[in-house]
Amino acid sequence: MVGANHSVVSEFVFLGLTNSWEIRLLLLVFSSMFYMASMMGNSLILLTVTADPHLHSPMYFLLANLFFIDLGVSSVTSPKMIYDLLRKHKVISFGGCITQIFFIHVIGSVEMVLLTAMAFDRYVAICKPLHYLTIMSPRMCLFFLVAAWMTGLIHSVVQSVFLVNLPFCGPNVLDSFYCDLPRFIKLTCTDTYRLEFMVTANSGFISLGSFFVLIVSYVVIILTVLKQSSARLSKALSTLSAHISVVVLFFGPLIFIYMWPYPSIHLDKFLAIFDAVLTPVLNPIIYTFRNREMKVAMRKVCRQLVNYRKIS
């Protein structure tokens, strides 16, 4: 890769989150706890949806894929960040940096499409309940899943091919704890104005546009339910509240990082930690906290796991 783009930079140095050992130790403890909680929580929900026949529906199929993606969100940046909190010299190879950016954008694009599919699923379930199983057929669910992964892969492959061919001749210091695209392209030995515009158009406007499409779809759902029956409004709001919360948690940091014209290093780092560490933990909590069916199924699976351990 280094030879392909005639770069003299073979690795990048992270400045990390802070130089204070006390704060790094505190971050190490909390980041490790949240990472383990994310992996265990999302894995438990995946196991629950797979094992319980009552959850074999289009909504839970999409949810299971969202939780699978959250496992990826946790694993792309968190382990490296936790490891680097113990190190004074934090480095990543050129290829490792490109790979990290690749997977970050694959996962982000897949989650974006899945959230859109979930909004469509809720629209059909609330506004066209009699046709729900016909419209949200297994074929439609599979179509959404394939479309999500194809979108993510195409977006990231095209972007990675472009990044690999950029010249990097120094400096090689990233004021971050992971390879984020906006700061990465600032290190190229070429005019960064066009590159920054490309990033904003490619990731920023797509994120902002998708966010507004989702919000408009939720407004349409609420207005449709309100016209049909005001009694159904509270149930619809209860159903949509979890989805809206996850959409805001996902798109908020993305829009700010890629669209905000006055970037702040400290705020970007906070949003990046929030997106990589906290959001994968919050998503399972949000979706299960007010979902009685999911909570019952999870308790059943937990009892089965405990009994299995006792027998073995």
# chains A, B, ... in the order shown; residues from 1 in each chain; ligands from 1

$ residues_around --residues "region 57-68 of chain A" --least-positions-apart "3" --cutoff "8 Å" --atoms "only C-alpha atoms" --output "number ranges by chain"
A: 42-43, 45-46, 49, 54, 71-72, 111, 114, 117-118, 121-122, 136-138, 141, 280, 283-284

$ write_last_selection --atoms "all heavy atoms" --output "compact mmCIF listing (two decimals), in the first residue's frame"
# COMPACT_ATOMS: atom_id res chain seq x y z
N ASN A 42 -25.51 -7.18 23.59
CA ASN A 42 -25.91 -7.43 22.20
C ASN A 42 -25.90 -8.92 21.86
O ASN A 42 -26.76 -9.39 21.12
CB ASN A 42 -24.97 -6.66 21.26
CG ASN A 42 -25.27 -5.17 21.23
OD1 ASN A 42 -26.29 -4.73 20.73
ND2 ASN A 42 -24.36 -4.38 21.78
N SER A 43 -24.93 -9.65 22.42
CA SER A 43 -24.88 -11.10 22.17
C SER A 43 -26.08 -11.80 22.79
O SER A 43 -26.66 -12.72 22.20
CB SER A 43 -23.59 -11.69 22.74
OG SER A 43 -22.46 -11.14 22.10
N ILE A 45 -29.07 -10.52 23.36
CA ILE A 45 -30.28 -10.22 22.58
C ILE A 45 -30.27 -11.01 21.27
O ILE A 45 -31.32 -11.51 20.84
CB ILE A 45 -30.39 -8.71 22.32
CG1 ILE A 45 -30.62 -7.97 23.63
CG2 ILE A 45 -31.51 -8.40 21.35
CD1 ILE A 45 -30.68 -6.47 23.51
N LEU A 46 -29.11 -11.12 20.62
CA LEU A 46 -29.02 -11.94 19.41
C LEU A 46 -29.41 -13.39 19.70
O LEU A 46 -30.15 -14.01 18.93
CB LEU A 46 -27.60 -11.88 18.86
CG LEU A 46 -27.25 -10.72 17.92
CD1 LEU A 46 -25.77 -10.72 17.62
CD2 LEU A 46 -28.04 -10.81 16.63
N VAL A 49 -33.30 -13.54 20.31
CA VAL A 49 -34.09 -13.46 19.08
C VAL A 49 -33.97 -14.75 18.28
O VAL A 49 -34.95 -15.22 17.68
CB VAL A 49 -33.65 -12.24 18.24
CG1 VAL A 49 -34.35 -12.23 16.89
CG2 VAL A 49 -33.94 -10.94 18.98
N HIS A 54 -41.19 -16.95 19.21
CA HIS A 54 -42.14 -15.85 19.24
C HIS A 54 -41.53 -14.54 18.70
O HIS A 54 -42.26 -13.60 18.40
CB HIS A 54 -42.63 -15.61 20.68
CG HIS A 54 -43.39 -16.78 21.25
ND1 HIS A 54 -42.79 -17.74 22.05
CD2 HIS A 54 -44.68 -17.16 21.12
CE1 HIS A 54 -43.68 -18.65 22.40
NE2 HIS A 54 -44.84 -18.32 21.85
N LEU A 71 -22.23 -4.94 17.65
CA LEU A 71 -21.04 -5.70 18.04
C LEU A 71 -19.84 -5.23 17.24
O LEU A 71 -18.72 -5.12 17.76
CB LEU A 71 -21.27 -7.19 17.82
CG LEU A 71 -22.26 -7.90 18.75
CD1 LEU A 71 -22.47 -9.34 18.29
CD2 LEU A 71 -21.75 -7.88 20.18
N GLY A 72 -20.06 -4.94 15.95
CA GLY A 72 -18.99 -4.42 15.11
C GLY A 72 -18.58 -3.02 15.50
O GLY A 72 -17.38 -2.68 15.51
N GLU A 111 -25.77 0.30 9.14
CA GLU A 111 -26.69 0.72 10.20
C GLU A 111 -27.66 1.79 9.69
O GLU A 111 -28.84 1.80 10.06
CB GLU A 111 -25.92 1.24 11.41
CG GLU A 111 -26.82 1.55 12.60
CD GLU A 111 -26.06 1.64 13.90
OE1 GLU A 111 -24.85 1.30 13.94
OE2 GLU A 111 -26.69 2.04 14.89
N LEU A 114 -30.30 -0.04 7.74
CA LEU A 114 -31.13 -0.82 8.66
C LEU A 114 -32.11 0.06 9.42
O LEU A 114 -33.28 -0.31 9.61
CB LEU A 114 -30.25 -1.59 9.64
CG LEU A 114 -29.56 -2.85 9.12
CD1 LEU A 114 -28.67 -3.45 10.19
CD2 LEU A 114 -30.59 -3.87 8.64
N ALA A 117 -34.85 0.87 7.11
CA ALA A 117 -35.72 -0.30 6.96
C ALA A 117 -36.63 -0.46 8.17
O ALA A 117 -37.81 -0.81 8.04
CB ALA A 117 -34.88 -1.55 6.75
N MET A 118 -36.11 -0.19 9.36
CA MET A 118 -36.90 -0.29 10.57
C MET A 118 -37.99 0.77 10.62
O MET A 118 -39.10 0.53 11.12
CB MET A 118 -35.99 -0.20 11.79
CG MET A 118 -35.09 -1.41 11.96
SD MET A 118 -33.78 -1.18 13.18
CE MET A 118 -34.76 -1.05 14.67
N ASP A 121 -40.62 -0.54 8.39
CA ASP A 121 -41.31 -1.62 9.09
C ASP A 121 -42.35 -1.08 10.07
O ASP A 121 -43.48 -1.57 10.14
CB ASP A 121 -40.28 -2.48 9.83
CG ASP A 121 -40.92 -3.51 10.74
OD1 ASP A 121 -41.36 -4.55 10.23
OD2 ASP A 121 -40.99 -3.26 11.96
N ARG A 122 -41.98 -0.05 10.82
CA ARG A 122 -42.93 0.54 11.78
C ARG A 122 -44.08 1.24 11.07
O ARG A 122 -45.22 1.24 11.55
CB ARG A 122 -42.21 1.52 12.70
CG ARG A 122 -41.24 0.89 13.68
CD ARG A 122 -41.93 -0.12 14.61
NE ARG A 122 -42.07 -1.44 14.01
CZ ARG A 122 -42.94 -2.36 14.40
NH1 ARG A 122 -43.80 -2.08 15.35
NH2 ARG A 122 -42.99 -3.54 13.82
N MET A 136 -44.08 -6.95 4.58
CA MET A 136 -42.81 -7.29 5.24
C MET A 136 -42.59 -8.80 5.20
O MET A 136 -42.45 -9.47 6.21
CB MET A 136 -42.82 -6.76 6.68
CG MET A 136 -42.79 -5.26 6.79
SD MET A 136 -41.36 -4.49 5.98
CE MET A 136 -40.01 -5.18 6.92
N SER A 137 -42.54 -9.33 4.01
CA SER A 137 -42.33 -10.76 3.80
C SER A 137 -40.86 -11.11 4.04
O SER A 137 -40.00 -10.21 4.09
CB SER A 137 -42.73 -11.15 2.38
OG SER A 137 -41.92 -10.46 1.45
N PRO A 138 -40.54 -12.39 4.19
CA PRO A 138 -39.12 -12.79 4.31
C PRO A 138 -38.26 -12.28 3.16
O PRO A 138 -37.09 -11.92 3.36
CB PRO A 138 -39.18 -14.31 4.34
CG PRO A 138 -40.53 -14.62 4.90
CD PRO A 138 -41.44 -13.54 4.37
N CYS A 141 -37.48 -8.61 3.85
CA CYS A 141 -36.48 -8.51 4.92
C CYS A 141 -35.08 -8.84 4.38
O CYS A 141 -34.10 -8.15 4.70
CB CYS A 141 -36.84 -9.44 6.06
SG CYS A 141 -38.33 -8.98 6.96
N PRO A 280 -23.45 1.53 21.58
CA PRO A 280 -23.73 0.09 21.51
C PRO A 280 -24.29 -0.49 22.80
O PRO A 280 -24.90 -1.56 22.79
CB PRO A 280 -22.35 -0.52 21.20
CG PRO A 280 -21.59 0.58 20.54
CD PRO A 280 -22.05 1.83 21.23
N ASN A 283 -28.25 1.13 22.95
CA ASN A 283 -29.24 0.59 22.00
C ASN A 283 -30.00 -0.62 22.54
O ASN A 283 -31.23 -0.65 22.49
CB ASN A 283 -28.56 0.25 20.67
CG ASN A 283 -28.26 1.48 19.83
OD1 ASN A 283 -28.68 2.58 20.17
ND2 ASN A 283 -27.55 1.31 18.75
N PRO A 284 -29.31 -1.64 23.08
CA PRO A 284 -30.07 -2.77 23.65
C PRO A 284 -30.96 -2.37 24.81
O PRO A 284 -32.07 -2.89 24.96
CB PRO A 284 -28.96 -3.73 24.13
CG PRO A 284 -27.77 -3.36 23.35
CD PRO A 284 -27.87 -1.89 23.13

$ select_by_dssp --residues "region 5-238 of chain A" --states "strand (DSSP E or B)" --output "PyMOL selection string"
chain A and resi 11-14+90-93+173-174

$ write_last_selection --atoms "N, CA, C and O atoms" --output "tab-separated table (two decimals), in the first residue's frame"
chain	number	residue	atom	x	y	z
A	11	GLU	N	3.32	4.72	9.07
A	11	GLU	CA	2.49	4.58	10.24
A	11	GLU	C	2.02	5.95	10.72
A	11	GLU	O	2.58	6.99	10.34
A	12	PHE	N	0.98	5.93	11.54
A	12	PHE	CA	0.44	7.17	12.10
A	12	PHE	C	0.49	7.09	13.62
A	12	PHE	O	0.34	6.01	14.20
A	13	VAL	N	0.70	8.24	14.23
A	13	VAL	CA	0.80	8.34	15.69
A	13	VAL	C	-0.45	9.01	16.23
A	13	VAL	O	-0.84	10.09	15.77
A	14	PHE	N	-1.09	8.36	17.19
A	14	PHE	CA	-2.26	8.93	17.85
A	14	PHE	C	-1.82	9.75	19.07
A	14	PHE	O	-0.97	9.31	19.85
A	90	LYS	N	1.49	5.64	20.90
A	90	LYS	CA	0.32	5.01	20.28
A	90	LYS	C	0.45	5.12	18.76
A	90	LYS	O	0.41	6.22	18.21
A	91	VAL	N	0.62	4.00	18.08
A	91	VAL	CA	0.82	4.01	16.63
A	91	VAL	C	-0.12	3.02	15.97
A	91	VAL	O	-0.61	2.08	16.59
A	92	ILE	N	-0.36	3.27	14.68
A	92	ILE	CA	-1.11	2.34	13.85
A	92	ILE	C	-0.49	2.39	12.45
A	92	ILE	O	-0.07	3.46	11.99
A	93	SER	N	-0.39	1.26	11.81
A	93	SER	CA	0.21	1.22	10.48
A	93	SER	C	-0.69	1.90	9.45
A	93	SER	O	-1.89	2.10	9.69
A	173	VAL	N	0.91	12.66	12.53
A	173	VAL	CA	0.31	12.70	13.87
A	173	VAL	C	-1.18	12.99	13.76
A	173	VAL	O	-1.60	13.99	13.14
A	174	LEU	N	-2.02	12.12	14.34
A	174	LEU	CA	-3.46	12.29	14.36
A	174	LEU	C	-3.90	12.63	15.79
A	174	LEU	O	-3.66	11.86	16.72

$ residues_around --residues "Leu85 (chain A)" --least-positions-apart "6" --cutoff "9 Å" --atoms "only C-alpha atoms" --output "PyMOL selection string"
chain A and resi 16-18+21+24-25+27-28

$ closest_residue --among "A:Tyr258, A:Phe211, A:Phe177, A:Tyr83" --to "Met198 (chain A)" --atoms "only C-alpha atoms"
A:Tyr258

$ residues_around --residues "Ile215 (chain A)" --least-positions-apart "5" --cutoff "12 Å" --atoms "only C-alpha atoms" --output "ChimeraX atom specification"
/A:115-116,119-120,208-210,220-222,240-241,243-248,251

$ atom_distance --atom1 "CA of Ala272 (chain A)" --atom2 "CA of Cys189 (chain A)"
25.8 Å

$ atom_distance --atom1 "CA of Val9 (chain A)" --atom2 "CA of Arg87 (chain A)"
21.2 Å

$ decode --residues "region 234-250 of chain A" --atoms "all heavy atoms" --output "compact mmCIF listing (two decimals), in the first residue's frame"
# COMPACT_ATOMS: atom_id res chain seq x y z
N SER A 234 -50.96 7.07 21.53
CA SER A 234 -50.05 6.77 22.64
C SER A 234 -49.29 5.47 22.39
O SER A 234 -48.09 5.37 22.69
CB SER A 234 -50.83 6.68 23.95
OG SER A 234 -51.80 5.66 23.88
N LYS A 235 -49.97 4.47 21.83
CA LYS A 235 -49.31 3.20 21.52
C LYS A 235 -48.27 3.39 20.42
O LYS A 235 -47.17 2.83 20.48
CB LYS A 235 -50.35 2.16 21.09
CG LYS A 235 -49.75 0.77 20.86
CD LYS A 235 -50.83 -0.23 20.51
CE LYS A 235 -50.22 -1.61 20.29
NZ LYS A 235 -51.24 -2.63 19.94
N ALA A 236 -48.63 4.19 19.41
CA ALA A 236 -47.68 4.45 18.32
C ALA A 236 -46.46 5.21 18.83
O ALA A 236 -45.32 4.90 18.47
CB ALA A 236 -48.37 5.25 17.22
N LEU A 237 -46.68 6.20 19.70
CA LEU A 237 -45.57 6.96 20.26
C LEU A 237 -44.67 6.07 21.11
O LEU A 237 -43.44 6.21 21.09
CB LEU A 237 -46.10 8.13 21.09
CG LEU A 237 -46.73 9.29 20.31
CD1 LEU A 237 -47.33 10.31 21.28
CD2 LEU A 237 -45.68 9.96 19.42
N SER A 238 -45.28 5.15 21.85
CA SER A 238 -44.50 4.22 22.66
C SER A 238 -43.63 3.33 21.78
O SER A 238 -42.47 3.06 22.11
CB SER A 238 -45.45 3.36 23.51
OG SER A 238 -44.72 2.41 24.25
N THR A 239 -44.20 2.90 20.65
CA THR A 239 -43.45 2.05 19.72
C THR A 239 -42.32 2.82 19.05
O THR A 239 -41.21 2.32 18.87
CB THR A 239 -44.38 1.47 18.65
OG1 THR A 239 -45.45 0.77 19.30
CG2 THR A 239 -43.64 0.52 17.74
N LEU A 240 -42.61 4.07 18.66
CA LEU A 240 -41.65 4.86 17.90
C LEU A 240 -40.57 5.50 18.77
O LEU A 240 -39.50 5.85 18.25
CB LEU A 240 -42.37 5.96 17.12
CG LEU A 240 -43.28 5.52 15.96
CD1 LEU A 240 -43.99 6.72 15.37
CD2 LEU A 240 -42.48 4.80 14.90
N SER A 241 -40.85 5.68 20.06
CA SER A 241 -39.91 6.40 20.91
C SER A 241 -38.53 5.73 20.94
O SER A 241 -37.50 6.41 20.91
CB SER A 241 -40.47 6.51 22.33
OG SER A 241 -40.69 5.22 22.89
N ALA A 242 -38.52 4.39 20.98
CA ALA A 242 -37.23 3.67 20.99
C ALA A 242 -36.48 3.90 19.68
O ALA A 242 -35.27 4.14 19.68
CB ALA A 242 -37.48 2.18 21.23
N HIS A 243 -37.20 3.82 18.56
CA HIS A 243 -36.56 4.00 17.26
C HIS A 243 -36.01 5.42 17.10
O HIS A 243 -34.90 5.61 16.62
CB HIS A 243 -37.57 3.71 16.15
CG HIS A 243 -38.04 2.28 16.12
ND1 HIS A 243 -37.36 1.28 15.47
CD2 HIS A 243 -39.11 1.69 16.69
CE1 HIS A 243 -38.00 0.14 15.63
NE2 HIS A 243 -39.06 0.36 16.37
N ILE A 244 -36.80 6.39 17.51
CA ILE A 244 -36.36 7.79 17.39
C ILE A 244 -35.13 8.04 18.25
O ILE A 244 -34.19 8.73 17.84
CB ILE A 244 -37.51 8.75 17.77
CG1 ILE A 244 -38.66 8.62 16.76
CG2 ILE A 244 -37.02 10.18 17.82
CD1 ILE A 244 -39.90 9.40 17.15
N SER A 245 -35.11 7.47 19.46
CA SER A 245 -33.95 7.64 20.35
C SER A 245 -32.68 7.08 19.72
O SER A 245 -31.62 7.71 19.75
CB SER A 245 -34.22 6.94 21.69
OG SER A 245 -35.35 7.48 22.33
N VAL A 246 -32.78 5.89 19.14
CA VAL A 246 -31.61 5.26 18.51
C VAL A 246 -31.16 6.05 17.29
O VAL A 246 -29.96 6.22 17.04
CB VAL A 246 -31.93 3.80 18.13
CG1 VAL A 246 -30.81 3.21 17.29
CG2 VAL A 246 -32.13 2.97 19.39
N VAL A 247 -32.12 6.56 16.50
CA VAL A 247 -31.79 7.37 15.32
C VAL A 247 -31.02 8.63 15.73
O VAL A 247 -30.00 8.98 15.11
CB VAL A 247 -33.07 7.73 14.55
CG1 VAL A 247 -32.79 8.85 13.54
CG2 VAL A 247 -33.61 6.51 13.82
N VAL A 248 -31.49 9.30 16.78
CA VAL A 248 -30.81 10.52 17.25
C VAL A 248 -29.41 10.19 17.77
O VAL A 248 -28.45 10.91 17.48
CB VAL A 248 -31.65 11.22 18.33
CG1 VAL A 248 -30.87 12.37 18.97
CG2 VAL A 248 -32.96 11.74 17.74
N LEU A 249 -29.29 9.10 18.53
CA LEU A 249 -27.98 8.70 19.06
C LEU A 249 -27.00 8.35 17.94
O LEU A 249 -25.80 8.61 18.06
CB LEU A 249 -28.15 7.50 19.99
CG LEU A 249 -28.76 7.76 21.36
CD1 LEU A 249 -29.00 6.45 22.10
CD2 LEU A 249 -27.89 8.68 22.19
N PHE A 250 -27.50 7.76 16.88
CA PHE A 250 -26.63 7.34 15.78
C PHE A 250 -26.25 8.53 14.89
O PHE A 250 -25.07 8.74 14.58
CB PHE A 250 -27.32 6.27 14.94
CG PHE A 250 -26.56 5.89 13.70
CD1 PHE A 250 -25.41 5.13 13.77
CD2 PHE A 250 -27.00 6.29 12.45
CE1 PHE A 250 -24.70 4.77 12.63
CE2 PHE A 250 -26.30 5.95 11.30
CZ PHE A 250 -25.15 5.19 11.39
